[in-house]
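J.: The file below is input_8.pdb, PDB, C-alpha atoms:
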ATOM      1  CA  MET D   1       0.000   0.000   0.000
ATOM      2  CA  THR D   2       1.477   3.361  -1.022
ATOM      3  CA  LEU D   3      -0.921   5.745   0.712
ATOM      4  CA  ARG D   4      -3.117   4.975   3.678
ATOM      5  CA  LEU D   5      -5.189   6.565   6.431
ATOM      6  CA  GLU D   6      -4.801   5.519  10.063
ATOM      7  CA  THR D   7      -6.834   6.996  12.902
ATOM      8  CA  ASN D   8      -6.174   7.032  16.623
ATOM      9  CA  GLY D   9      -8.902   8.793  18.566
ATOM     10  CA  PRO D  10      -9.004  12.447  17.509
ATOM     11  CA  VAL D  11      -5.909  12.238  15.264
ATOM     12  CA  ALA D  12      -5.746  10.863  11.733
ATOM     13  CA  HIS D  13      -2.467  10.104   9.978
ATOM     14  CA  LEU D  14      -2.277  10.194   6.198
ATOM     15  CA  LEU D  15       0.801   8.051   5.636
ATOM     16  CA  ILE D  16       2.897   8.090   2.469
ATOM     17  CA  ASP D  17       4.319   4.591   2.227
ATOM     18  CA  ARG D  18       6.572   4.145  -0.784
ATOM     19  CA  ALA D  19       9.979   4.368   0.816
ATOM     20  CA  ASP D  20      11.767   2.447  -1.955
ATOM     21  CA  LYS D  21      10.869   5.310  -4.331
ATOM     22  CA  ARG D  22      11.429   8.081  -1.747
ATOM     23  CA  ASN D  23       7.632   8.336  -1.460
ATOM     24  CA  ALA D  24       7.272   9.657  -5.008
ATOM     25  CA  PHE D  25       3.632  10.004  -6.060
ATOM     26  CA  THR D  26       2.093   8.064  -8.933
ATOM     27  CA  ILE D  27      -1.143   9.046 -10.638
ATOM     28  CA  ALA D  28      -2.912   6.343  -8.614
ATOM     29  CA  MET D  29      -1.728   7.979  -5.387
ATOM     30  CA  TRP D  30      -2.929  11.429  -6.500
ATOM     31  CA  GLN D  31      -6.307   9.863  -7.313
ATOM     32  CA  LEU D  32      -6.509   8.059  -3.974
ATOM     33  CA  LEU D  33      -5.694  11.095  -1.838
ATOM     34  CA  PRO D  34      -9.115  12.817  -2.131
ATOM     35  CA  GLU D  35     -10.862   9.539  -1.254
ATOM     36  CA  LEU D  36      -8.851   9.225   1.951
ATOM     37  CA  LEU D  37      -9.495  12.867   2.799
ATOM     38  CA  ALA D  38     -13.238  12.378   2.350
ATOM     39  CA  LYS D  39     -13.109   9.345   4.646
ATOM     40  CA  ALA D  40     -11.293  11.357   7.312
ATOM     41  CA  ALA D  41     -13.655  14.325   6.982
ATOM     42  CA  ALA D  42     -16.621  12.021   7.587
ATOM     43  CA  ASP D  43     -15.270  10.867  10.975
ATOM     44  CA  PRO D  44     -16.886  13.043  13.681
ATOM     45  CA  ALA D  45     -14.265  12.053  16.260
ATOM     46  CA  LEU D  46     -11.348  13.570  14.377
ATOM     47  CA  ARG D  47      -9.766  16.893  15.342
ATOM     48  CA  VAL D  48      -6.468  16.906  13.398
ATOM     49  CA  LEU D  49      -4.989  15.360  10.244
ATOM     50  CA  VAL D  50      -1.223  14.697  10.076
ATOM     51  CA  VAL D  51       0.482  14.007   6.745
ATOM     52  CA  LYS D  52       3.845  12.263   7.006
ATOM     53  CA  SER D  53       6.067   9.475   5.729
ATOM     54  CA  ALA D  54       5.113   6.038   7.035
ATOM     55  CA  ALA D  55       8.772   5.047   7.406
ATOM     56  CA  GLY D  56      10.367   8.385   8.261
ATOM     57  CA  GLY D  57      13.082   9.718   6.009
ATOM     58  CA  ALA D  58      11.920  11.321   2.777
ATOM     59  CA  PHE D  59       8.551  13.040   3.080
ATOM     60  CA  CYS D  60       7.910  12.909  -0.672
ATOM     61  CA  ALA D  61      10.230  13.257  -3.650
ATOM     62  CA  GLY D  62       7.400  14.631  -5.787
ATOM     63  CA  ALA D  63       5.930  13.014  -8.863
ATOM     64  CA  ASP D  64       7.211   9.647 -10.050
ATOM     65  CA  ILE D  65       9.573  10.713 -12.853
ATOM     66  CA  ALA D  66       9.748   7.205 -14.330
ATOM     67  CA  GLU D  67       5.974   7.196 -14.708
ATOM     68  CA  LEU D  68       6.043  10.670 -16.254
ATOM     69  CA  LEU D  69       8.664   9.627 -18.785
ATOM     70  CA  ALA D  70       6.777   6.452 -19.662
ATOM     71  CA  ASN D  71       3.640   8.473 -20.447
ATOM     72  CA  LYS D  72       5.104  11.752 -21.717
ATOM     73  CA  ASP D  73       3.823  11.157 -25.259
ATOM     74  CA  ASP D  74       0.271  10.316 -24.157
ATOM     75  CA  PRO D  75      -1.820  13.533 -24.023
ATOM     76  CA  ALA D  76      -4.787  11.745 -22.425
ATOM     77  CA  TRP D  77      -2.632  10.371 -19.613
ATOM     78  CA  ARG D  78      -0.974  13.748 -19.064
ATOM     79  CA  ALA D  79      -4.372  15.437 -18.796
ATOM     80  CA  GLU D  80      -5.631  12.796 -16.370
ATOM     81  CA  ASN D  81      -2.481  13.129 -14.259
ATOM     82  CA  GLN D  82      -2.759  16.921 -14.130
ATOM     83  CA  GLN D  83      -6.404  16.697 -13.123
ATOM     84  CA  ALA D  84      -5.619  14.149 -10.392
ATOM     85  CA  LEU D  85      -2.741  16.231  -9.006
ATOM     86  CA  ASN D  86      -4.724  19.471  -9.035
ATOM     87  CA  ARG D  87      -7.732  17.881  -7.360
ATOM     88  CA  ALA D  88      -5.612  16.254  -4.645
ATOM     89  CA  GLN D  89      -3.869  19.524  -3.781
ATOM     90  CA  TYR D  90      -7.126  21.486  -3.848
ATOM     91  CA  GLU D  91      -8.940  19.009  -1.581
ATOM     92  CA  LEU D  92      -6.063  18.874   0.907
ATOM     93  CA  THR D  93      -5.869  22.672   1.061
ATOM     94  CA  ARG D  94      -9.571  22.843   1.850
ATOM     95  CA  PHE D  95      -9.810  19.899   4.244
ATOM     96  CA  PRO D  96     -12.097  21.163   7.028
ATOM     97  CA  LEU D  97      -9.910  20.275  10.025
ATOM     98  CA  PRO D  98      -6.431  21.524  10.945
ATOM     99  CA  THR D  99      -3.705  19.736   8.966
ATOM    100  CA  VAL D 100      -0.046  19.274   9.837
ATOM    101  CA  ALA D 101       2.765  18.170   7.518
ATOM    102  CA  MET D 102       5.579  16.426   9.399
ATOM    103  CA  VAL D 103       8.653  16.724   7.170
ATOM    104  CA  GLU D 104      11.505  14.510   8.327
ATOM    105  CA  GLY D 105      13.593  14.350   5.135
ATOM    106  CA  ASP D 106      13.414  15.430   1.502
ATOM    107  CA  CYS D 107      10.241  17.284   0.536
ATOM    108  CA  VAL D 108      10.589  18.155  -3.119
ATOM    109  CA  GLY D 109       8.450  19.257  -6.079
ATOM    110  CA  GLY D 110       4.940  17.878  -5.791
ATOM    111  CA  GLY D 111       5.887  16.627  -2.335
ATOM    112  CA  CYS D 112       6.536  20.206  -1.284
ATOM    113  CA  GLY D 113       3.133  21.006  -2.780
ATOM    114  CA  ILE D 114       1.562  18.496  -0.395
ATOM    115  CA  ALA D 115       3.280  20.189   2.534
ATOM    116  CA  LEU D 116       2.196  23.621   1.254
ATOM    117  CA  ALA D 117      -1.410  22.414   1.131
ATOM    118  CA  CYS D 118      -1.320  21.669   4.869
ATOM    119  CA  ASP D 119      -2.038  24.358   7.460
ATOM    120  CA  ILE D 120       1.180  23.971   9.458
ATOM    121  CA  ARG D 121       4.553  22.486   8.546
ATOM    122  CA  VAL D 122       6.899  20.931  11.111
ATOM    123  CA  ALA D 123      10.444  20.130   9.952
ATOM    124  CA  GLY D 124      12.982  17.768  11.471
ATOM    125  CA  GLN D 125      16.725  18.327  11.473
ATOM    126  CA  LYS D 126      17.261  16.407   8.217
ATOM    127  CA  ALA D 127      14.447  18.076   6.287
ATOM    128  CA  ARG D 128      15.217  19.552   2.868
ATOM    129  CA  MET D 129      12.561  21.416   0.942
ATOM    130  CA  GLY D 130      12.531  22.563  -2.646
ATOM    131  CA  ILE D 131      10.446  22.952  -5.781
ATOM    132  CA  THR D 132      12.398  21.742  -8.785
ATOM    133  CA  PRO D 133      10.383  21.917 -12.063
ATOM    134  CA  ALA D 134      12.897  24.447 -13.441
ATOM    135  CA  LYS D 135      15.524  21.704 -13.287
ATOM    136  CA  LEU D 136      13.321  19.422 -15.390
ATOM    137  CA  GLY D 137      11.902  21.858 -17.919
ATOM    138  CA  LEU D 138       8.472  21.670 -16.291
ATOM    139  CA  VAL D 139       6.106  24.231 -14.733
ATOM    140  CA  TYR D 140       4.589  24.248 -11.246
ATOM    141  CA  PRO D 141       0.761  24.466 -10.941
ATOM    142  CA  LEU D 142      -0.653  27.951 -10.355
ATOM    143  CA  HIS D 143      -2.634  26.786  -7.301
ATOM    144  CA  ASP D 144       0.556  25.579  -5.617
ATOM    145  CA  ILE D 145       2.513  28.695  -6.613
ATOM    146  CA  LYS D 146      -0.130  30.758  -4.832
ATOM    147  CA  LEU D 147       0.195  28.574  -1.723
ATOM    148  CA  LEU D 148       3.963  29.142  -1.795
ATOM    149  CA  ALA D 149       3.724  32.909  -2.377
ATOM    150  CA  ASP D 150       1.138  33.235   0.404
ATOM    151  CA  LEU D 151       3.642  31.657   2.809
ATOM    152  CA  VAL D 152       6.994  33.127   1.844
ATOM    153  CA  GLY D 153       6.129  36.162  -0.289
ATOM    154  CA  PRO D 154       6.692  36.608  -4.020
ATOM    155  CA  GLY D 155      10.419  37.293  -3.797
ATOM    156  CA  GLN D 156      11.322  34.122  -1.936
ATOM    157  CA  ALA D 157       8.837  32.173  -4.066
ATOM    158  CA  ARG D 158      10.615  33.346  -7.207
ATOM    159  CA  ARG D 159      14.015  32.488  -5.753
ATOM    160  CA  MET D 160      12.886  28.946  -4.943
ATOM    161  CA  LEU D 161      11.046  28.369  -8.201
ATOM    162  CA  TYR D 162      13.580  29.897 -10.590
ATOM    163  CA  THR D 163      16.549  28.045  -9.079
ATOM    164  CA  GLY D 164      15.010  24.795  -7.838
ATOM    165  CA  MET D 165      17.245  25.154  -4.772
ATOM    166  CA  LEU D 166      16.866  22.913  -1.724
ATOM    167  CA  LEU D 167      16.477  24.617   1.657
ATOM    168  CA  ASN D 168      17.478  23.061   4.967
ATOM    169  CA  ALA D 169      15.072  23.182   7.898
ATOM    170  CA  GLU D 170      16.540  26.341   9.416
ATOM    171  CA  GLU D 171      16.352  28.375   6.217
ATOM    172  CA  ALA D 172      12.881  27.030   5.472
ATOM    173  CA  GLN D 173      11.750  28.332   8.850
ATOM    174  CA  ARG D 174      13.554  31.639   8.366
ATOM    175  CA  ILE D 175      11.649  32.471   5.180
ATOM    176  CA  GLY D 176       8.296  31.244   6.526
ATOM    177  CA  LEU D 177       8.048  27.950   4.648
ATOM    178  CA  VAL D 178       8.098  26.011   7.931
ATOM    179  CA  GLU D 179       6.368  27.076  11.133
ATOM    180  CA  GLU D 180       8.103  24.804  13.646
ATOM    181  CA  LEU D 181      11.340  22.832  13.997
ATOM    182  CA  ALA D 182      10.908  19.580  15.926
ATOM    183  CA  ASP D 183      11.754  15.904  15.720
ATOM    184  CA  ASP D 184       8.069  14.998  15.740
ATOM    185  CA  GLU D 185       4.691  16.665  15.636
ATOM    186  CA  SER D 186       3.264  15.280  18.890
ATOM    187  CA  ALA D 187       3.489  18.451  21.000
ATOM    188  CA  LEU D 188       1.818  20.579  18.346
ATOM    189  CA  VAL D 189      -0.876  17.975  17.706
ATOM    190  CA  ALA D 190      -1.654  17.802  21.430
ATOM    191  CA  GLN D 191      -2.193  21.564  21.465
ATOM    192  CA  LEU D 192      -4.468  21.371  18.426
ATOM    193  CA  VAL D 193      -6.501  18.515  19.898
ATOM    194  CA  SER D 194      -7.019  20.419  23.157
ATOM    195  CA  ALA D 195      -8.411  23.489  21.372
ATOM    196  CA  SER D 196     -12.078  24.022  20.577
ATOM    197  CA  PRO D 197     -12.962  22.046  17.445
ATOM    198  CA  PHE D 198     -15.670  24.572  16.651
ATOM    199  CA  SER D 199     -13.168  27.420  16.830
ATOM    200  CA  THR D 200     -10.391  25.780  14.825
ATOM    201  CA  LYS D 201     -12.726  24.630  12.061
ATOM    202  CA  ALA D 202     -14.435  28.018  11.794
ATOM    203  CA  ILE D 203     -11.163  29.949  11.937
ATOM    204  CA  LYS D 204      -9.624  27.737   9.271
ATOM    205  CA  GLY D 205     -12.536  28.547   6.980
ATOM    206  CA  LEU D 206     -12.127  32.271   7.610
ATOM    207  CA  VAL D 207      -8.371  32.171   6.956
ATOM    208  CA  ARG D 208      -9.070  30.421   3.658
ATOM    209  CA  ARG D 209     -11.518  33.181   2.717
ATOM    210  CA  VAL D 210      -8.813  35.786   3.377
ATOM    211  CA  LEU D 211      -6.244  33.874   1.339
ATOM    212  CA  ASP D 212      -8.767  33.496  -1.473
ATOM    213  CA  GLY D 213      -9.212  37.273  -1.583
ATOM    214  CA  GLN D 214     -12.071  38.215   0.754
ATOM    215  CA  VAL D 215     -11.250  41.444   2.599
ATOM    216  CA  ALA D 216     -14.485  42.337   4.425
ATOM    217  CA  ASP D 217     -17.151  40.553   6.436
ATOM    218  CA  ASP D 218     -20.336  39.436   4.773
ATOM    219  CA  ALA D 219     -23.547  38.065   6.253
ATOM    220  CA  GLU D 220     -22.118  34.552   6.415
ATOM    221  CA  THR D 221     -18.901  35.470   8.248
ATOM    222  CA  LEU D 222     -20.811  37.702  10.656
ATOM    223  CA  GLY D 223     -23.138  34.771  11.288
ATOM    224  CA  ILE D 224     -20.201  32.466  12.048
ATOM    225  CA  PHE D 225     -18.886  34.965  14.601
ATOM    226  CA  ALA D 226     -22.301  35.393  16.243
ATOM    227  CA  ALA D 227     -23.060  31.667  16.374
ATOM    228  CA  ALA D 228     -20.010  30.996  18.532
ATOM    229  CA  PHE D 229     -21.662  32.674  21.529
ATOM    230  CA  GLU D 230     -24.496  30.148  21.430
ATOM    231  CA  GLY D 231     -22.306  27.053  21.135
ATOM    232  CA  ALA D 232     -21.350  24.336  23.606
ATOM    233  CA  ASP D 233     -17.640  25.089  23.156
ATOM    234  CA  PHE D 234     -18.159  28.694  24.254
ATOM    235  CA  ARG D 235     -20.000  27.515  27.378
ATOM    236  CA  GLU D 236     -17.267  25.010  28.221
ATOM    237  CA  GLY D 237     -14.436  27.438  27.463
ATOM    238  CA  THR D 238     -15.826  30.253  29.595
ATOM    239  CA  THR D 239     -16.839  27.902  32.417
ATOM    240  CA  ALA D 240     -13.339  26.431  32.492
ATOM    241  CA  PHE D 241     -11.846  29.935  32.516
ATOM    242  CA  VAL D 242     -13.950  30.949  35.529
ATOM    243  CA  GLU D 243     -13.199  27.673  37.297
ATOM    244  CA  LYS D 244      -9.470  28.046  36.564
ATOM    245  CA  ARG D 245      -9.143  24.681  34.819
ATOM    246  CA  ALA D 246      -8.311  23.439  31.343
ATOM    247  CA  PRO D 247     -11.370  23.209  29.084
ATOM    248  CA  VAL D 248     -12.514  19.814  27.843
ATOM    249  CA  PHE D 249     -14.285  20.310  24.544
ATOM    250  CA  GLY D 250     -16.635  17.877  22.911
ATOM    251  CA  ARG D 251     -17.937  16.288  26.056
TER     252      ARG D 251
END
Once you've parsed the file, please lay out its structure as structure tokens.
T.:
Amino acid sequence: MTLRLETNGPVAHLLIDRADKRNAFTIAMWQLLPELLAKAAADPALRVLVVKSAAGGAFCAGADIAELLANKDDPAWRAENQQALNRAQYELTRFPLPTVAMVEGDCVGGGCGIALACDIRVAGQKARMGITPAKLGLVYPLHDIKLLADLVGPGQARRMLYTGMLLNAEEAQRIGLVEELADDESALVAQLVSASPFSTKAIKGLVRRVLDGQVADDAETLGIFAAAFEGADFREGTTAFVEKRAPVFGR
């Protein structure tokens, strides 16, 4: 199995499991990703989704170059592959719950796109991140370029894209490509799980609206803000604050 979903209570792990190919993605893996995301989204117990390598090491080396070369002269296959890749990245970016990419090793090309599509990126000491189509005579998808520019700004995005350079974990954090340096994601995930699921889900949706270009409230966003005051999480959060204890949401 090259891509699988494992759940443990409130945490789901989307595991990339093709270590012999440095977790490079085939068209079948791009096509499977949205199905696994839909399965996770349908689980009411989940609070967080973590994307990582099943075996550690390389996060994802990007697209399977051997498969690309084998099908480079087939326009129908190329169109199907592009559609599968674009859909997978779009669905991951808009997954309703908080998502974390745990990058322990190389995270390159389309693999970096997977990390970009997550909400938060954690990098280990051996992480290397880069986007390398310019070294192959290819072009990166517009959707993923926007994700990159939103994180690091247009100047750093151009530097990465034009050169195809690989960044170590420290530089990736310095330019805003990575939010946290750690050997594993457990501490961050624990913080996310302890937060209000209503709040994190609603806030994620509002951040996406901002990144997609919305600059002012509308009736729907005002309604989201107002509804929070009537919710169970607000009652638990404020009660816990008054009682000087940690809130326990979802009980």
J.: Please list as a list in words every residue within 12 Å of Thr238 of chain D, counting all atoms listed in the file and excluding residues in the same chain fewer than 6 positions away.
T.: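 Counting only the stated atoms, we get Ser196, Ala228, Phe229, Glu230, Gly231, Ala232, Lys244, Arg245, Ala246, Pro247, Val248 and Phe249 of chain D.
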J.: Could you check which of D:Leu161, D:Ala216, D:Leu116, D:Ser194 is closest to Leu177 of chain D, using all atoms listed in the file?
T.: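 Once distances to Leu177 of chain D are computed over all atoms listed in the file, the minimum belongs to D:Leu116.
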J.: May I ask which of the residues D:Thr132, D:Thr93, D:Gln173, D:Gln191 is the closest one to Arg208 of chain D, counting only C-alpha atoms?
T.: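 When distances to Arg208 of chain D are compared using only C-alpha atoms, the smallest one comes from D:Thr93.
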J.: Skipping near chain neighbours, those fewer than 3 positions away, what residues fall within 6 Å of Leu92 of chain D using only C-alpha atoms, listed as an MDAnalysis selection string?
T.: chainID D and resid 89 95 117
J.: Just write the chosen residues, C-alpha atoms, as a PDB file, in the frame of the given file.
T.:
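Now in out35.pdb:
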ATOM      1  CA  GLN D  89      -3.869  19.524  -3.781  1.00  0.00           C
ATOM      2  CA  PHE D  95      -9.810  19.899   4.244  1.00  0.00           C
ATOM      3  CA  ALA D 117      -1.410  22.414   1.131  1.00  0.00           C
TER       4      ALA D 117
END
J.: Using all atoms listed in the file, I'd like a table of the residues in segment 92-163 of chain D that come within 9 Å of segment 75-87 of chain D; for each, show the closest atom pair and its distance in Å rounded to one decimal, ordered by chain and ascending number, as a Markdown table.
T.:
| residue | atom | partner | partner_atom | distance |
| --- | --- | --- | --- | --- |
| D:Leu92 | CA | D:Arg87 | CA | 8.5 |
| D:Gly110 | CA | D:Leu85 | CA | 8.5 |
| D:Pro141 | CA | D:Asn86 | CA | 7.7 |
| D:His143 | CA | D:Asn86 | CA | 7.8 |
| D:Asp144 | CA | D:Asn86 | CA | 8.8 |
J.: Can you rebuild segment 222-233 of chain D with all heavy atoms and give it as a compact mmCIF listing (two decimals), in the coordinates of the input?
T.:
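So the final result, stored in part_14.txt, reads:
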# COMPACT_ATOMS: atom_id res chain seq x y z
N LEU D 222 -20.25 37.11 9.44
CA LEU D 222 -20.81 37.70 10.66
C LEU D 222 -21.65 36.67 11.41
O LEU D 222 -21.65 36.64 12.64
CB LEU D 222 -21.66 38.93 10.31
CG LEU D 222 -20.88 40.15 9.79
CD1 LEU D 222 -21.84 41.22 9.29
CD2 LEU D 222 -19.97 40.71 10.87
N GLY D 223 -22.34 35.82 10.67
CA GLY D 223 -23.14 34.77 11.29
C GLY D 223 -22.27 33.74 12.00
O GLY D 223 -22.64 33.24 13.07
N ILE D 224 -21.13 33.41 11.42
CA ILE D 224 -20.20 32.47 12.05
C ILE D 224 -19.71 33.02 13.37
O ILE D 224 -19.65 32.33 14.39
CB ILE D 224 -19.02 32.17 11.10
CG1 ILE D 224 -19.50 31.39 9.87
CG2 ILE D 224 -17.93 31.40 11.82
CD1 ILE D 224 -18.46 31.29 8.77
N PHE D 225 -19.35 34.31 13.38
CA PHE D 225 -18.89 34.97 14.60
C PHE D 225 -19.99 34.96 15.67
O PHE D 225 -19.74 34.61 16.82
CB PHE D 225 -18.47 36.40 14.29
CG PHE D 225 -17.99 37.17 15.48
CD1 PHE D 225 -16.69 37.05 15.93
CD2 PHE D 225 -18.85 38.02 16.16
CE1 PHE D 225 -16.24 37.76 17.03
CE2 PHE D 225 -18.42 38.74 17.27
CZ PHE D 225 -17.10 38.61 17.71
N ALA D 226 -21.19 35.31 15.28
CA ALA D 226 -22.30 35.39 16.24
C ALA D 226 -22.68 34.03 16.80
O ALA D 226 -23.01 33.89 17.99
CB ALA D 226 -23.51 36.05 15.58
N ALA D 227 -22.63 33.00 15.95
CA ALA D 227 -23.06 31.67 16.37
C ALA D 227 -22.17 31.09 17.47
O ALA D 227 -22.62 30.26 18.26
CB ALA D 227 -23.07 30.73 15.17
N ALA D 228 -20.92 31.54 17.53
CA ALA D 228 -20.01 31.00 18.53
C ALA D 228 -20.52 31.23 19.95
O ALA D 228 -20.32 30.38 20.84
CB ALA D 228 -18.62 31.63 18.36
N PHE D 229 -21.19 32.34 20.19
CA PHE D 229 -21.66 32.67 21.53
C PHE D 229 -22.79 31.78 22.00
O PHE D 229 -23.12 31.75 23.19
CB PHE D 229 -22.11 34.14 21.57
CG PHE D 229 -20.97 35.10 21.42
CD1 PHE D 229 -20.61 35.59 20.18
CD2 PHE D 229 -20.24 35.51 22.52
CE1 PHE D 229 -19.56 36.47 20.03
CE2 PHE D 229 -19.17 36.39 22.39
CZ PHE D 229 -18.83 36.87 21.13
N GLU D 230 -23.39 31.04 21.08
CA GLU D 230 -24.50 30.15 21.43
C GLU D 230 -24.06 28.68 21.47
O GLU D 230 -24.88 27.79 21.72
CB GLU D 230 -25.63 30.31 20.42
CG GLU D 230 -26.18 31.73 20.34
CD GLU D 230 -27.21 31.89 19.24
OE1 GLU D 230 -27.55 30.88 18.60
OE2 GLU D 230 -27.66 33.04 19.03
N GLY D 231 -22.78 28.42 21.26
CA GLY D 231 -22.31 27.05 21.14
C GLY D 231 -21.85 26.43 22.44
O GLY D 231 -21.53 27.10 23.42
N ALA D 232 -21.79 25.09 22.43
CA ALA D 232 -21.35 24.34 23.61
C ALA D 232 -19.89 24.61 23.93
O ALA D 232 -19.50 24.63 25.10
CB ALA D 232 -21.56 22.84 23.36
N ASP D 233 -19.06 24.84 22.90
CA ASP D 233 -17.64 25.09 23.16
C ASP D 233 -17.44 26.41 23.87
O ASP D 233 -16.55 26.54 24.73
CB ASP D 233 -16.86 25.07 21.84
CG ASP D 233 -16.56 23.66 21.36
OD1 ASP D 233 -17.15 22.71 21.93
OD2 ASP D 233 -15.77 23.50 20.42
